[in-house]
Amino acid sequence: MKTIILIGANGKMGQAAMTGLGKHRVITASRSGEGVDYKVDITDKEAIHALYQQVGHFDAVVNTVGVCEYAPFESMTSAQWDTTIQSKLLGQINLVNIGLQYIGDGGSFTLISGILNVKPVPFAIADATISGAIDTFVKCVAHELPRGIRINVVNPTVLEEAWHVYGDMMPGFQPVPSALVGKAFERAVDGFISGEVLFVDA
Ligand SMILES: NC(=O)c1ccc[n+]([C@@H]2O[C@H](COP(=O)([O-])OP(=O)(O)OC[C@H]3O[C@@H](n4cnc5c(N)ncnc54)[C@H](OP(=O)(O)O)[C@@H]3O)[C@@H](O)[C@H]2O)c1
């Protein structure tokens, strides 16, 4: 049994990840701290340090947080780009960078991106761009991680459970069940792969 920190646990993707982590001790965290074990804001480096220090020993970090702004490219403001960059890009990179100071030998990081970087739709240029950046970060930084530490990213299409939110902006997409996406998180945590983008698409 591993000790896993799951960030964004109450979100739709967090719940999907949870379905694949059932055999482990899962410590949950989110921005509000409501209904989870710890409160953390992944855009705040001090808060990330505090989370890891409070948890103590852990074997894996699974992050499902990545706030994105959606708008047509021509009307995207700098603030909208910055929100997406601070959360989904730098937030995740900082979870790894700071996490290396705390995670156990042979541990793993699993990040979140999303299918829109390979299947673009209108309004999603920020999500698509940053998802592509995260996929690249994971593939490349895997070569630099010490102590047998692994890193992977789950790149899913839309969840069935989120289709009512995103379905209108994704015509022709087939949503997938959370349990299928949970398998990708399980493979990332329990397998031996590193530097991989685990696509889950229909
Ligand atoms: N849903 C899908 O179908 C789908 C498909 C592919 C990819 N994705 C990607 O998955 C990610 C999560 O999407 P979701 O649908 O799960 O969103 P969601 O249901 O809105 O959940 C977001 C979660 O993130 C937490 N959170 C937000 N900002 C945070 C911060 N700064 N620090 C810590 N926690 C924070 C929230 O915590 P609180 O509730 O406590 O505020 C909540 O638990 C996004 O990047 C999205 O692009 C989603």
# chains A, B, ... in the order shown; residues from 1 in each chain; ligands from 1

$ residues_around --residues "segment 104-119 of chain A" --least-positions-apart "5" --cutoff "8 Å" --atoms "only C-alpha atoms" --output "NGL selection string"
:A and (57-66 or 88 or 92 or 96 or 124 or 127-132 or 134-135 or 147-158 or 185 or 188-189 or 199 or 201)

$ write_last_selection --atoms "N, CA and C atoms" --output "compact mmCIF listing (two decimals), in the first residue's frame"
# COMPACT_ATOMS: atom_id res chain seq x y z
N HIS A 57 5.71 11.52 5.31
CA HIS A 57 6.13 10.61 4.24
C HIS A 57 4.99 10.33 3.25
N PHE A 58 5.32 10.35 1.95
CA PHE A 58 4.36 9.93 0.93
C PHE A 58 5.13 9.35 -0.25
N ASP A 59 4.41 8.50 -1.01
CA ASP A 59 5.03 7.78 -2.13
C ASP A 59 4.62 8.33 -3.49
N ALA A 60 3.51 9.04 -3.54
CA ALA A 60 3.04 9.51 -4.85
C ALA A 60 2.21 10.77 -4.70
N VAL A 61 2.28 11.59 -5.73
CA VAL A 61 1.40 12.76 -5.84
C VAL A 61 0.60 12.59 -7.12
N VAL A 62 -0.72 12.68 -6.99
CA VAL A 62 -1.60 12.69 -8.16
C VAL A 62 -2.30 14.03 -8.17
N ASN A 63 -2.03 14.83 -9.19
CA ASN A 63 -2.69 16.13 -9.28
C ASN A 63 -3.73 16.13 -10.39
N THR A 64 -4.94 16.58 -10.02
CA THR A 64 -6.02 16.70 -11.02
C THR A 64 -6.51 18.14 -11.13
N VAL A 65 -5.70 19.07 -10.60
CA VAL A 65 -6.10 20.49 -10.64
C VAL A 65 -5.46 21.18 -11.84
N GLY A 66 -6.24 21.96 -12.54
CA GLY A 66 -5.69 22.79 -13.62
C GLY A 66 -6.79 23.71 -14.12
N LYS A 88 -2.64 25.51 -14.27
CA LYS A 88 -2.42 24.22 -14.93
C LYS A 88 -0.96 24.01 -15.33
N GLN A 92 1.36 22.93 -11.57
CA GLN A 92 1.76 21.51 -11.65
C GLN A 92 3.29 21.36 -11.62
N VAL A 96 5.79 19.39 -8.65
CA VAL A 96 6.87 18.43 -8.89
C VAL A 96 8.19 18.98 -8.34
N ALA A 124 -10.92 26.98 -26.59
CA ALA A 124 -10.08 26.21 -25.66
C ALA A 124 -8.59 26.38 -25.93
N ASP A 127 -6.36 26.11 -22.66
CA ASP A 127 -6.30 24.72 -22.17
C ASP A 127 -5.45 23.87 -23.10
N ALA A 128 -5.67 24.00 -24.42
CA ALA A 128 -4.93 23.21 -25.39
C ALA A 128 -3.43 23.49 -25.32
N THR A 129 -3.09 24.76 -25.28
CA THR A 129 -1.67 25.16 -25.27
C THR A 129 -0.97 24.66 -24.01
N ILE A 130 -1.63 24.84 -22.88
CA ILE A 130 -1.00 24.45 -21.61
C ILE A 130 -0.99 22.92 -21.46
N SER A 131 -2.01 22.25 -21.96
CA SER A 131 -1.99 20.78 -21.92
C SER A 131 -0.81 20.25 -22.74
N GLY A 132 -0.57 20.85 -23.88
CA GLY A 132 0.59 20.45 -24.69
C GLY A 132 1.89 20.71 -23.96
N ILE A 134 2.32 20.77 -20.69
CA ILE A 134 2.46 19.80 -19.60
C ILE A 134 2.89 18.43 -20.14
N ASP A 135 2.30 18.02 -21.25
CA ASP A 135 2.72 16.74 -21.85
C ASP A 135 4.22 16.77 -22.15
N ARG A 147 16.63 9.47 -7.77
CA ARG A 147 16.18 8.46 -6.78
C ARG A 147 15.08 7.54 -7.30
N GLY A 148 15.07 7.28 -8.61
CA GLY A 148 14.07 6.35 -9.15
C GLY A 148 12.66 6.92 -9.18
N ILE A 149 12.57 8.23 -9.08
CA ILE A 149 11.24 8.87 -9.07
C ILE A 149 10.71 8.94 -10.50
N ARG A 150 9.43 8.61 -10.67
CA ARG A 150 8.79 8.59 -11.99
C ARG A 150 7.80 9.75 -12.12
N ILE A 151 7.49 10.07 -13.38
CA ILE A 151 6.46 11.08 -13.65
C ILE A 151 5.70 10.71 -14.92
N ASN A 152 4.39 10.88 -14.88
CA ASN A 152 3.53 10.64 -16.05
C ASN A 152 2.41 11.66 -16.04
N VAL A 153 1.70 11.74 -17.15
CA VAL A 153 0.55 12.64 -17.22
C VAL A 153 -0.62 11.88 -17.87
N VAL A 154 -1.80 12.08 -17.29
CA VAL A 154 -3.01 11.51 -17.88
C VAL A 154 -3.65 12.59 -18.77
N ASN A 155 -3.87 12.22 -20.02
CA ASN A 155 -4.45 13.15 -21.00
C ASN A 155 -5.79 12.58 -21.48
N PRO A 156 -6.86 12.88 -20.75
CA PRO A 156 -8.15 12.28 -21.08
C PRO A 156 -9.01 13.15 -21.99
N THR A 157 -9.93 12.51 -22.67
CA THR A 157 -11.02 13.26 -23.29
C THR A 157 -12.03 13.61 -22.20
N VAL A 158 -13.14 14.18 -22.60
CA VAL A 158 -14.13 14.62 -21.62
C VAL A 158 -14.75 13.41 -20.91
N PHE A 185 -4.78 6.49 -14.25
CA PHE A 185 -4.11 6.94 -13.01
C PHE A 185 -3.51 5.74 -12.28
N ALA A 188 -0.34 4.69 -13.98
CA ALA A 188 0.75 5.63 -13.70
C ALA A 188 1.33 5.40 -12.31
N VAL A 189 0.47 5.16 -11.32
CA VAL A 189 0.93 5.03 -9.94
C VAL A 189 1.51 3.65 -9.67
N PHE A 199 -2.96 8.77 -22.85
CA PHE A 199 -4.19 9.26 -23.48
C PHE A 199 -5.34 8.32 -23.12
N ASP A 201 -9.02 8.11 -24.64
CA ASP A 201 -9.94 8.67 -25.62
C ASP A 201 -10.83 7.56 -26.13

$ select_by_dssp --residues "chain A" --states "alpha helix (DSSP H)" --output "VMD selection string"
chain A and resid 12 to 18 45 to 55 78 to 84 92 to 99 125 to 141 163 to 166 178 to 190

$ closest_residue --among "A:Val121, A:Cys140, A:Val26, A:Ala79" --to "Asp168 of chain A" --atoms "only C-alpha atoms"
A:Val121

$ residues_around --residues "Lys139 of chain A" --least-positions-apart "5" --cutoff "8 Å" --atoms "only C-alpha atoms" --output "NGL selection string"
:A and (152 or 194-197)

$ residues_around --residues "Ala126 of chain A" --least-positions-apart "3" --cutoff "7 Å" --atoms "only C-alpha atoms" --output "number ranges by chain"
A: 68-70, 81, 84, 129-130

$ write_last_selection --atoms "N, CA and C atoms" --output "short mmCIF file (atom, residue, chain, number, x, y, z; two decimals), in the first residue's frame"
data_model
loop_
_atom_site.label_atom_id
_atom_site.label_comp_id
_atom_site.auth_asym_id
_atom_site.auth_seq_id
_atom_site.Cartn_x
_atom_site.Cartn_y
_atom_site.Cartn_z
N CYS A 68 -8.60 26.43 -16.10
CA CYS A 68 -8.40 26.99 -17.44
C CYS A 68 -9.48 28.03 -17.74
N GLU A 69 -9.10 29.04 -18.47
CA GLU A 69 -10.07 30.03 -18.96
C GLU A 69 -10.42 29.69 -20.40
N TYR A 70 -11.69 29.82 -20.75
CA TYR A 70 -12.15 29.49 -22.10
C TYR A 70 -12.71 30.74 -22.77
N TRP A 81 -5.02 34.28 -19.81
CA TRP A 81 -3.86 33.42 -20.06
C TRP A 81 -3.13 33.14 -18.75
N THR A 84 -4.63 30.49 -16.43
CA THR A 84 -4.38 29.12 -16.91
C THR A 84 -2.93 28.72 -16.69
N THR A 129 -3.09 24.76 -25.28
CA THR A 129 -1.67 25.16 -25.27
C THR A 129 -0.97 24.66 -24.01
N ILE A 130 -1.63 24.84 -22.88
CA ILE A 130 -1.00 24.45 -21.61
C ILE A 130 -0.99 22.92 -21.46
#

$ atom_distance --atom1 "atom CA of Glu46 of chain A" --atom2 "atom CA of Leu95 of chain A"
10.8 Å
